[in-house]
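**Student:** Next comes model_30.csv, CSV, C-alpha atoms:
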```
chain,number,residue,atom,x,y,z
A,1,MET,CA,88.5,59.5,120.7
A,2,CYS,CA,87.0,62.7,122.2
A,3,HIS,CA,84.6,61.0,124.7
A,4,SER,CA,87.4,59.2,126.5
A,5,ARG,CA,89.4,62.3,126.7
A,6,SER,CA,86.4,64.3,128.0
A,7,LEU,CA,85.8,61.5,130.6
A,8,LEU,CA,89.4,61.6,131.7
A,9,ARG,CA,89.4,65.4,131.9
A,10,VAL,CA,86.5,65.4,134.3
A,11,ALA,CA,87.6,62.3,136.2
A,12,ARG,CA,91.0,63.9,136.7
A,13,ARG,CA,89.4,66.9,138.4
A,14,LEU,CA,87.2,64.7,140.6
A,15,THR,CA,89.9,62.3,141.8
A,16,SER,CA,93.2,62.4,143.6
A,17,GLY,CA,95.5,61.4,140.8
A,18,SER,CA,95.9,60.5,137.2
A,19,SER,CA,96.0,56.7,137.8
A,20,VAL,CA,92.8,56.9,139.9
A,21,ALA,CA,91.2,58.9,137.1
A,22,GLU,CA,92.2,56.3,134.5
A,23,ASP,CA,90.8,53.5,136.6
A,24,LEU,CA,87.6,55.3,137.0
A,25,VAL,CA,87.2,56.0,133.3
A,26,GLN,CA,88.2,52.4,132.5
A,27,GLU,CA,85.5,51.1,134.9
A,28,CYS,CA,83.0,53.5,133.3
A,29,LEU,CA,83.8,52.3,129.7
A,30,LEU,CA,83.5,48.7,130.8
A,31,LEU,CA,80.2,49.3,132.4
A,32,ALA,CA,79.1,51.2,129.3
A,33,TRP,CA,80.0,48.1,127.2
A,34,ARG,CA,78.1,45.8,129.5
A,35,SER,CA,75.1,48.1,129.4
A,36,PHE,CA,75.2,49.0,125.8
A,37,HIS,CA,71.9,47.2,125.1
A,38,GLN,CA,70.2,49.6,127.5
A,39,LEU,CA,71.0,52.6,125.2
A,40,HIS,CA,68.0,53.4,123.1
A,41,MET,CA,67.7,55.3,119.8
A,42,GLY,CA,67.7,59.0,120.4
A,43,THR,CA,69.6,58.7,123.7
A,44,ASN,CA,72.3,61.3,124.2
A,45,ALA,CA,75.3,58.8,124.3
A,46,ARG,CA,77.7,61.4,125.7
A,47,ALA,CA,75.4,62.3,128.6
A,48,TRP,CA,74.8,58.6,129.2
A,49,LEU,CA,78.5,57.9,129.5
A,50,PHE,CA,78.9,60.7,131.9
A,51,ARG,CA,76.0,59.4,134.0
A,52,ILE,CA,77.8,56.1,134.2
A,53,LEU,CA,81.0,57.9,135.2
A,54,PHE,CA,79.4,59.7,138.0
A,55,ASN,CA,77.4,56.6,139.2
A,56,THR,CA,80.7,54.8,139.3
A,57,PHE,CA,82.4,57.6,141.1
A,58,TYR,CA,79.7,57.8,143.7
A,59,ALA,CA,79.5,54.0,144.1
A,60,GLN,CA,83.2,54.1,145.0
A,61,GLY,CA,82.1,56.3,147.9
A,62,ARG,CA,84.2,59.2,146.7
A,63,LYS,CA,87.1,57.4,148.4
A,64,GLN,CA,89.5,58.6,145.8
A,65,GLN,CA,88.2,62.2,145.8
A,66,ARG,CA,90.6,64.9,144.9
A,67,VAL,CA,92.4,66.6,147.7
A,68,PRO,CA,92.4,70.4,146.9
A,69,ASN,CA,95.5,72.1,145.6
A,70,THR,CA,97.4,69.0,144.4
A,71,VAL,CA,97.4,69.8,140.7
A,72,PRO,CA,100.7,68.9,139.2
A,73,LEU,CA,102.4,71.7,137.3
A,74,THR,CA,102.4,71.0,133.6
A,75,ALA,CA,105.6,73.1,133.0
A,76,GLU,CA,108.7,74.0,135.0
A,77,VAL,CA,108.0,76.9,137.3
A,78,GLY,CA,110.7,78.9,135.6
A,79,THR,CA,109.2,78.6,132.2
A,80,VAL,CA,105.6,79.3,133.0
A,81,THR,CA,104.1,81.8,130.5
A,82,PRO,CA,101.6,84.4,131.7
A,83,ALA,CA,98.8,82.5,129.9
A,84,LEU,CA,99.8,79.2,131.5
A,85,ASP,CA,100.2,80.9,134.8
A,86,GLU,CA,96.7,82.2,134.7
A,87,ALA,CA,95.3,78.8,133.5
A,88,MET,CA,97.0,77.1,136.4
A,89,GLU,CA,95.6,79.7,138.8
A,90,VAL,CA,92.1,79.1,137.4
A,91,THR,CA,92.3,75.3,137.6
A,92,ARG,CA,93.7,75.6,141.2
A,93,ALA,CA,90.7,77.7,142.1
A,94,LEU,CA,88.4,75.1,140.5
A,95,ASP,CA,90.0,72.3,142.4
A,96,ALA,CA,89.5,74.1,145.6
A,97,LEU,CA,85.7,74.3,145.2
A,98,PRO,CA,83.4,71.9,146.9
A,99,LEU,CA,82.7,68.8,144.8
A,100,ASP,CA,79.1,69.7,143.8
A,101,HIS,CA,80.2,73.1,142.6
A,102,ARG,CA,83.2,71.8,140.7
A,103,THR,CA,81.1,69.1,139.1
A,104,VAL,CA,78.5,71.5,137.6
A,105,LEU,CA,81.2,73.9,136.3
A,106,LEU,CA,83.1,71.0,134.7
A,107,LEU,CA,79.9,69.6,133.0
A,108,GLY,CA,78.3,72.9,132.1
A,109,VAL,CA,81.1,75.2,131.3
A,110,VAL,CA,83.9,72.9,130.2
A,111,GLU,CA,82.0,70.0,128.6
A,112,GLY,CA,79.2,72.1,127.3
A,113,PHE,CA,76.2,70.1,128.7
A,114,THR,CA,73.0,72.0,129.2
A,115,CYS,CA,71.4,72.4,132.7
A,116,GLY,CA,68.8,69.8,131.7
A,117,GLU,CA,71.5,67.3,130.7
A,118,ILE,CA,73.5,68.0,133.9
A,119,ALA,CA,70.4,67.4,135.9
A,120,GLU,CA,70.0,64.0,134.1
A,121,ILE,CA,73.6,63.0,134.6
A,122,LEU,CA,73.6,63.9,138.3
A,123,ALA,CA,70.0,62.8,139.0
A,124,VAL,CA,69.1,66.2,140.6
A,125,PRO,CA,66.5,68.8,139.7
A,126,VAL,CA,67.3,71.4,137.1
A,127,GLY,CA,66.7,74.1,139.7
A,128,THR,CA,69.5,72.6,141.8
A,129,VAL,CA,71.9,72.6,138.9
A,130,MET,CA,71.1,76.3,138.2
A,131,SER,CA,71.6,77.4,141.8
A,132,ARG,CA,74.8,75.3,142.0
A,133,LEU,CA,76.1,76.9,138.8
A,134,SER,CA,75.4,80.4,140.0
A,135,ARG,CA,77.0,79.8,143.4
A,136,ALA,CA,80.0,78.0,141.8
A,137,ARG,CA,80.6,80.9,139.4
A,138,GLN,CA,80.3,83.4,142.2
A,139,ALA,CA,82.7,81.5,144.5
A,140,MET,CA,85.3,81.1,141.8
A,141,ARG,CA,85.1,84.7,140.7
A,142,MET,CA,85.5,85.9,144.3
A,143,ARG,CA,88.4,83.6,144.8
A,144,LEU,CA,90.1,84.9,141.6
A,145,ALA,CA,89.1,88.5,142.1
A,146,THR,CA,91.9,89.1,144.5
A,147,ASN,CA,94.5,88.2,141.9
A,148,LYS,CA,95.6,90.9,139.5
A,149,SER,CA,96.2,88.4,136.6
A,150,SER,CA,92.6,87.5,136.6
A,151,ALA,CA,91.1,90.9,136.1
A,152,ALA,CA,88.3,89.6,134.0
A,153,PHE,CA,87.0,87.6,137.0
A,154,ALA,CA,87.2,90.6,139.2
A,155,GLY,CA,84.6,92.4,137.1
A,156,LYS,CA,87.1,94.3,134.9
A,157,GLU,CA,86.1,93.0,131.5
A,158,ASN,CA,88.8,92.8,128.8
B,159,MET,CA,61.3,91.0,134.4
B,160,ASN,CA,63.6,92.4,137.1
B,161,CYS,CA,67.3,92.1,137.9
B,162,LYS,CA,66.8,89.1,140.2
B,163,ASP,CA,64.8,87.2,137.6
B,164,VAL,CA,67.6,87.8,135.1
B,165,LEU,CA,70.3,86.6,137.4
B,166,ASP,CA,68.2,83.5,138.4
B,167,LEU,CA,67.7,82.7,134.7
B,168,ALA,CA,71.3,83.5,133.7
B,169,PRO,CA,72.4,79.8,133.7
B,170,LEU,CA,69.6,78.8,131.3
B,171,TYR,CA,70.1,81.9,129.2
B,172,LEU,CA,73.8,81.4,128.8
B,173,THR,CA,73.3,77.8,127.7
B,174,GLY,CA,70.6,78.7,125.3
B,175,GLU,CA,68.0,76.6,127.1
B,176,LEU,CA,65.7,79.4,127.9
B,177,GLU,CA,62.5,79.3,125.8
B,178,SER,CA,62.5,82.1,123.2
B,179,THR,CA,60.0,84.5,124.9
B,180,ARG,CA,61.8,84.5,128.2
B,181,ALA,CA,65.2,84.7,126.4
B,182,GLU,CA,63.9,87.8,124.6
B,183,GLN,CA,62.8,89.3,127.9
B,184,VAL,CA,66.3,88.7,129.4
B,185,ALA,CA,67.9,90.3,126.4
B,186,ALA,CA,65.5,93.2,126.5
B,187,HIS,CA,66.2,93.8,130.2
B,188,ALA,CA,70.0,93.6,129.7
B,189,LYS,CA,69.7,96.2,127.0
B,190,VAL,CA,68.3,98.8,129.4
B,191,CYS,CA,70.1,97.6,132.6
B,192,PRO,CA,73.9,98.1,132.5
B,193,SER,CA,74.3,96.2,135.7
B,194,CYS,CA,72.7,93.0,134.3
B,195,ALA,CA,74.4,93.4,130.9
B,196,ARG,CA,77.7,93.7,132.7
B,197,GLU,CA,77.0,90.6,134.9
B,198,LEU,CA,76.0,88.5,131.9
B,199,GLY,CA,79.1,89.6,130.0
B,200,GLN,CA,81.3,88.8,133.0
B,201,GLN,CA,79.7,85.4,133.4
B,202,LYS,CA,80.4,84.7,129.7
B,203,THR,CA,84.0,85.9,130.1
B,204,PHE,CA,84.5,83.8,133.1
B,205,ASP,CA,83.1,80.7,131.3
B,206,ALA,CA,85.4,81.2,128.4
B,207,LEU,CA,88.5,81.5,130.6
B,208,LEU,CA,87.5,78.5,132.7
B,209,ARG,CA,86.9,76.4,129.6
B,210,GLN,CA,90.2,77.6,128.1
B,211,SER,CA,92.2,76.9,131.3
B,212,VAL,CA,90.9,73.4,131.8
B,213,LEU,CA,91.1,72.4,128.1
B,214,ALA,CA,94.8,73.6,128.1
B,215,GLU,CA,95.7,70.4,129.9
B,216,HIS,CA,96.2,67.5,127.5
B,217,PHE,CA,94.8,64.1,128.3
B,218,ASP,CA,95.7,61.0,126.3
B,219,GLY,CA,92.9,58.4,126.4
B,220,SER,CA,94.8,55.8,124.3
B,221,ARG,CA,96.1,53.8,127.4
B,222,VAL,CA,92.6,53.5,128.9
B,223,GLU,CA,91.0,52.6,125.6
B,224,GLY,CA,93.7,50.0,124.9
B,225,GLU,CA,93.2,48.5,128.3
B,226,VAL,CA,89.4,48.4,128.0
B,227,ARG,CA,89.6,46.7,124.6
B,228,ARG,CA,92.1,44.1,126.0
B,229,LEU,CA,89.8,43.4,129.0
B,230,ILE,CA,86.8,43.0,126.8
B,231,ALA,CA,88.6,40.6,124.4
B,232,GLN,CA,90.0,38.7,127.4
B,233,SER,CA,86.7,38.1,129.0
B,234,SER,CA,85.2,37.0,125.7
B,235,GLN,CA,88.0,34.5,124.9
B,236,ARG,CA,87.2,32.7,128.2
B,237,SER,CA,83.6,32.3,127.3
B,238,GLY,CA,83.6,30.7,123.9
B,239,SER,CA,82.7,31.8,120.4
B,240,GLN,CA,79.2,33.2,121.0
B,241,ARG,CA,80.7,35.6,123.6
B,242,TRP,CA,83.3,36.5,120.9
B,243,MET,CA,80.6,37.8,118.7
B,244,PHE,CA,79.0,39.6,121.5
B,245,ALA,CA,82.4,41.1,122.5
B,246,LEU,CA,83.0,42.3,118.9
B,247,ALA,CA,79.7,44.0,118.9
B,248,GLY,CA,80.6,45.5,122.3
B,249,ILE,CA,83.9,46.8,121.0
B,250,ALA,CA,82.1,48.2,118.0
B,251,ALA,CA,79.7,49.9,120.3
B,252,LEU,CA,82.6,51.2,122.4
B,253,LEU,CA,84.3,52.6,119.4
B,254,LEU,CA,81.0,54.3,118.4
B,255,LEU,CA,80.8,55.9,121.8
B,256,ALA,CA,84.5,56.8,121.9
B,257,LEU,CA,84.6,58.3,118.5
B,258,GLY,CA,82.5,61.3,119.5
B,259,ILE,CA,78.9,60.4,118.5
B,260,ARG,CA,76.8,62.8,120.5
B,261,THR,CA,73.4,61.2,119.7
B,262,ILE,CA,73.3,57.6,118.7
B,263,PHE,CA,72.2,57.0,115.1
B,264,SER,CA,72.6,60.6,114.2
B,265,SER,CA,73.5,61.5,110.6
B,266,GLN,CA,77.1,61.5,109.3
B,267,ALA,CA,79.0,64.8,109.5
B,268,GLU,CA,78.6,67.0,106.5
B,269,PRO,CA,81.8,68.8,105.2
B,270,VAL,CA,79.9,72.0,104.9
B,271,TYR,CA,79.0,71.9,108.6
B,272,ALA,CA,82.6,71.3,109.6
B,273,ALA,CA,83.7,74.1,107.3
B,274,ALA,CA,81.2,76.5,108.9
B,275,ALA,CA,82.3,75.6,112.4
B,276,LEU,CA,86.0,76.0,111.4
B,277,ASP,CA,85.2,79.4,109.9
B,278,HIS,CA,83.6,80.5,113.2
B,279,ARG,CA,86.6,79.2,115.2
B,280,LEU,CA,89.2,81.0,113.0
B,281,GLU,CA,87.4,84.2,112.1
B,282,ILE,CA,85.3,84.9,115.1
B,283,VAL,CA,86.9,83.2,118.1
B,284,ASN,CA,90.5,83.5,117.0
B,285,ARG,CA,89.8,86.8,115.2
B,286,GLN,CA,92.1,86.0,112.2
B,287,PRO,CA,92.2,89.1,110.0
B,288,ARG,CA,89.6,89.0,107.2
B,289,LYS,CA,88.1,91.7,105.1
B,290,TRP,CA,84.7,92.3,106.7
B,291,PHE,CA,82.1,94.8,105.6
B,292,THR,CA,80.4,96.5,108.5
B,293,ASP,CA,78.1,99.0,106.7
B,294,ARG,CA,74.7,97.9,105.7
B,295,ALA,CA,74.9,99.1,102.1
B,296,SER,CA,78.0,97.0,101.3
B,297,ILE,CA,76.6,93.9,103.0
B,298,GLU,CA,73.3,94.3,101.0
B,299,THR,CA,75.4,94.6,97.8
B,300,LEU,CA,77.2,91.4,98.6
B,301,ALA,CA,73.9,89.7,99.4
B,302,GLY,CA,72.3,90.9,96.2
B,303,ARG,CA,75.0,89.3,94.2
B,304,GLN,CA,74.2,86.0,95.9
B,305,GLY,CA,70.5,86.4,95.2
B,306,ILE,CA,69.7,87.2,98.8
B,307,SER,CA,67.4,90.2,99.6
B,308,GLY,CA,67.9,92.8,102.3
B,309,SER,CA,64.7,91.6,104.0
B,310,ALA,CA,66.2,88.1,104.4
B,311,ILE,CA,69.2,89.7,106.2
B,312,ASP,CA,66.8,91.3,108.7
B,313,ALA,CA,64.7,88.1,109.0
B,314,MET,CA,67.8,86.1,110.0
B,315,ALA,CA,68.6,88.2,113.0
B,316,PRO,CA,67.4,86.4,116.1
B,317,ALA,CA,65.5,88.4,118.7
B,318,GLY,CA,68.0,90.7,120.6
B,319,TYR,CA,70.7,90.4,118.0
B,320,HIS,CA,71.8,92.9,115.4
B,321,LEU,CA,73.9,92.5,112.2
B,322,ALA,CA,77.6,93.4,112.9
B,323,GLN,CA,79.5,92.5,109.8
B,324,GLY,CA,79.4,90.4,106.6
B,325,LYS,CA,81.6,89.1,103.8
B,326,LEU,CA,81.6,86.3,101.3
B,327,CYS,CA,83.3,83.0,102.2
B,328,ARG,CA,83.8,79.6,100.6
B,329,LEU,CA,82.5,76.5,102.4
B,330,ASP,CA,83.2,73.1,100.9
B,331,GLY,CA,83.7,74.7,97.5
B,332,LYS,CA,80.6,76.9,97.5
B,333,ILE,CA,80.3,80.6,98.0
B,334,PHE,CA,78.2,81.7,101.0
B,335,LEU,CA,77.3,85.0,102.4
B,336,HIS,CA,78.7,85.0,105.9
B,337,LEU,CA,76.8,87.3,108.3
B,338,VAL,CA,77.7,87.8,111.9
B,339,TYR,CA,74.9,88.8,114.4
B,340,VAL,CA,75.7,89.9,117.9
B,341,SER,CA,73.8,90.4,121.1
B,342,ASP,CA,75.1,91.7,124.4
B,343,VAL,CA,76.3,88.2,125.2
B,344,TYR,CA,76.6,86.0,122.1
B,345,VAL,CA,78.0,86.1,118.6
B,346,ASN,CA,76.2,83.9,116.1
B,347,ASP,CA,77.3,83.3,112.5
B,348,VAL,CA,74.9,82.7,109.7
B,349,HIS,CA,76.0,81.4,106.3
B,350,VAL,CA,73.6,81.8,103.5
B,351,ASN,CA,73.7,80.4,100.0
B,352,ASP,CA,71.3,80.6,97.1
B,353,ALA,CA,69.8,77.1,97.3
B,354,GLN,CA,69.5,76.8,93.5
B,355,ASN,CA,73.3,76.2,93.1
B,356,PHE,CA,73.7,74.2,96.3
B,357,SER,CA,73.4,70.4,96.2
B,358,VAL,CA,74.8,68.9,99.4
B,359,PHE,CA,72.4,67.7,102.1
B,360,LEU,CA,70.8,70.4,104.3
B,361,GLY,CA,67.2,69.3,104.2
B,362,PRO,CA,64.5,69.0,101.6
B,363,ALA,CA,64.1,71.9,99.1
B,364,ASP,CA,60.4,71.5,99.0
B,365,GLY,CA,57.8,72.5,101.6
B,366,ALA,CA,58.8,73.1,105.2
B,367,ALA,CA,62.5,73.2,106.0
B,368,ALA,CA,64.0,70.2,107.8
B,369,ILE,CA,66.7,71.1,110.2
B,370,HIS,CA,69.9,69.1,110.5
B,371,ALA,CA,72.2,69.9,113.4
B,372,GLU,CA,75.7,68.8,114.3
B,373,THR,CA,78.2,69.6,117.0
B,374,GLN,CA,81.7,70.2,115.7
B,375,GLY,CA,84.0,70.7,118.7
B,376,ALA,CA,82.9,73.7,120.6
B,377,GLU,CA,80.7,74.9,117.8
B,378,HIS,CA,77.1,73.9,117.2
B,379,VAL,CA,75.8,74.1,113.7
B,380,ALA,CA,72.2,73.8,112.5
B,381,GLY,CA,71.2,74.1,108.9
B,382,PHE,CA,68.2,74.0,106.7
B,383,ARG,CA,67.2,74.6,103.1
B,384,ASP,CA,64.0,76.1,101.9
B,385,ARG,CA,62.9,76.9,98.3
B,386,GLN,CA,65.2,79.9,98.0
B,387,LEU,CA,68.0,79.7,100.5
B,388,SER,CA,70.4,77.3,102.3
B,389,VAL,CA,71.1,78.5,105.8
B,390,LEU,CA,73.8,77.4,108.3
B,391,ILE,CA,73.7,78.8,111.8
B,392,VAL,CA,76.8,78.5,114.0
B,393,THR,CA,76.8,79.2,117.7
B,394,GLU,CA,78.9,78.3,120.7
B,395,GLN,CA,75.8,78.3,123.1
B,396,SER,CA,74.6,74.7,122.7
B,397,GLY,CA,73.1,72.3,120.2
B,398,ASP,CA,69.6,73.1,121.5
B,399,ALA,CA,70.3,76.8,121.0
B,400,ALA,CA,71.5,76.2,117.4
B,401,LEU,CA,68.3,74.2,116.7
B,402,ARG,CA,66.1,76.8,118.2
B,403,LEU,CA,67.8,79.6,116.2
B,404,ALA,CA,67.5,77.6,113.0
B,405,ARG,CA,63.8,76.9,113.8
B,406,SER,CA,62.9,80.5,114.4
B,407,THR,CA,64.9,81.6,111.3
B,408,ALA,CA,63.2,79.0,109.1
B,409,ALA,CA,59.8,80.0,110.4
B,410,ILE,CA,60.5,83.7,109.5
B,411,ILE,CA,62.1,83.4,106.1
```
How does the structure come out when it is put into structure tokens?
**Tutor:**
Amino acid sequence: MCHSRSLLRVARRLTSGSSVAEDLVQECLLLAWRSFHQLHMGTNARAWLFRILFNTFYAQGRKQQRVPNTVPLTAEVGTVTPALDEAMEVTRALDALPLDHRTVLLLGVVEGFTCGEIAEILAVPVGTVMSRLSRARQAMRMRLATNKSSAAFAGKEN
Amino acid sequence: MNCKDVLDLAPLYLTGELESTRAEQVAAHAKVCPSCARELGQQKTFDALLRQSVLAEHFDGSRVEGEVRRLIAQSSQRSGSQRWMFALAGIAALLLLALGIRTIFSSQAEPVYAAAALDHRLEIVNRQPRKWFTDRASIETLAGRQGISGSAIDAMAPAGYHLAQGKLCRLDGKIFLHLVYVSDVYVNDVHVNDAQNFSVFLGPADGAAAIHAETQGAEHVAGFRDRQLSVLIVTEQSGDAALRLARSTAAII
């Protein structure tokens, strides 16, 4: 069931809580079911689902948008491993980005969509996607560069 | 092409969307410009860490999927038997979408594609210890035993890539020559097999090669078979990049 997990993963980073994210994905899947007849042969079904997800999210007026820095810890603070610590630091930096930047990083880097597919999902020109990706990468790297545990972002490659 | 052009094109270059001539120009520039090579490398490192960090969080979609199925069934029950049929078709459609079909009506997954993707994940990404040959002579000897010439090894290197290592491996019960080509930014795997003893689907053995591509997790695999060789290319760039690499390799060999 990898599409619903992918949808949830992205929805969780767009919205303010897991129940809001689940509601968003549920609405998306129901809309996909109702619109299934519009899906033509050769259509990228995964990109189509994400387009519905974002249309639903925007239609809700971004009311449930994530408030930065509210990521729940997935482990007790005392038992956080260095790798998990770094992962949490990275996701916190991601959540602190403006929505447009967060969105292109999630779709392009995490979910593996091409710039062309992202442009189609978000209904923006490819050039806009490219510039948002560059600026988002730069912003996150600058944010993380100050932390020693993310040396790779600071320009010190492993 | 100057440094600004390279940085402007980096997003397309990193996703493998840049058309081959311009991708070669970017790779050529990165070869002579340490600053751009470092920047592209850092972007790739950043992407890998970001992906790894976000994917580390587990999401269970079963509750949402169950609720959606329940709502669909409920709305259909209220509307009589015709709507039931429609609902069943809808649920089937939903399952198709949810089960990870990237392009509707695409071919079924081939075991050899899954095996090639898993090999890449274990041996290249996770760097599990394997006995690799890195010298050209040993790799050519291995290739020769599989009926693959040294010129075919060169032909399979995409522009901007060079052969880094090779070994024999078994994919879906068949022996393949596993070659690893690297550029300043990417690592691509190529699995080659003498087509004469290879029967699973990769494309027609006669005439021009037909390319079959699949996405297996984070790996994109594109394969084809010509009169002499069966070739599987594995990359993490994108499905389009895998197809493009397979097309250019098929055109050369």
**Student:** Show me, as a PyMOL selection string, the residues that have an atom within 10 Å of region 210-220 of chain B when counting all atoms listed in the file, minus same-chain residues fewer than 5 positions from it.
**Tutor:** (chain A and resi 1-10+12-13+18+22+25-26+74+83-91+94+106+109-111) or (chain B and resi 204-205+225-226+256)
**Student:** Go ahead and compute the interatomic distance for CA of Lys289 (chain B) and CA of Arg303 (chain B), in Å to one decimal.
**Tutor:** 17.2 Å
**Student:** Excluding region 125-127 of chain A and residues on its chain fewer than 3 positions from it, collect all residues at most 6 Å away from it, counting only C-alpha atoms, and give them as a list in words.
**Tutor:**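 Once the adjacent positions are removed, what remains is Gly116, Ala119 and Met130 of chain A.
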**Student:** Have a look at CA of His320 (chain B) and CA of Leu401 (chain B) and let me know their distance in Å, one decimal.
**Tutor:**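 Answer for the CA of His320 (chain B) to CA of Leu401 (chain B) separation: 19.1 Å.
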**Student:** Under the rule that all atoms listed in the file are counted, which of A:Ala93, A:Leu133, A:Ile52, A:Val20 is the nearest residue to Glu120 (chain A)?
**Tutor:**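 Distance minimum relative to Glu120 (chain A) lands on A:Ile52.
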**Student:** Go through A:Gln60, A:Ser131, A:Thr146, A:Asn44 one by one, measure the shortest atom-to-atom distance of each to chain B using all atoms listed in the file, and give the residue with the smallest value.
**Tutor:**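 Looking at the shortest contact to chain B, the residue is A:Asn44.
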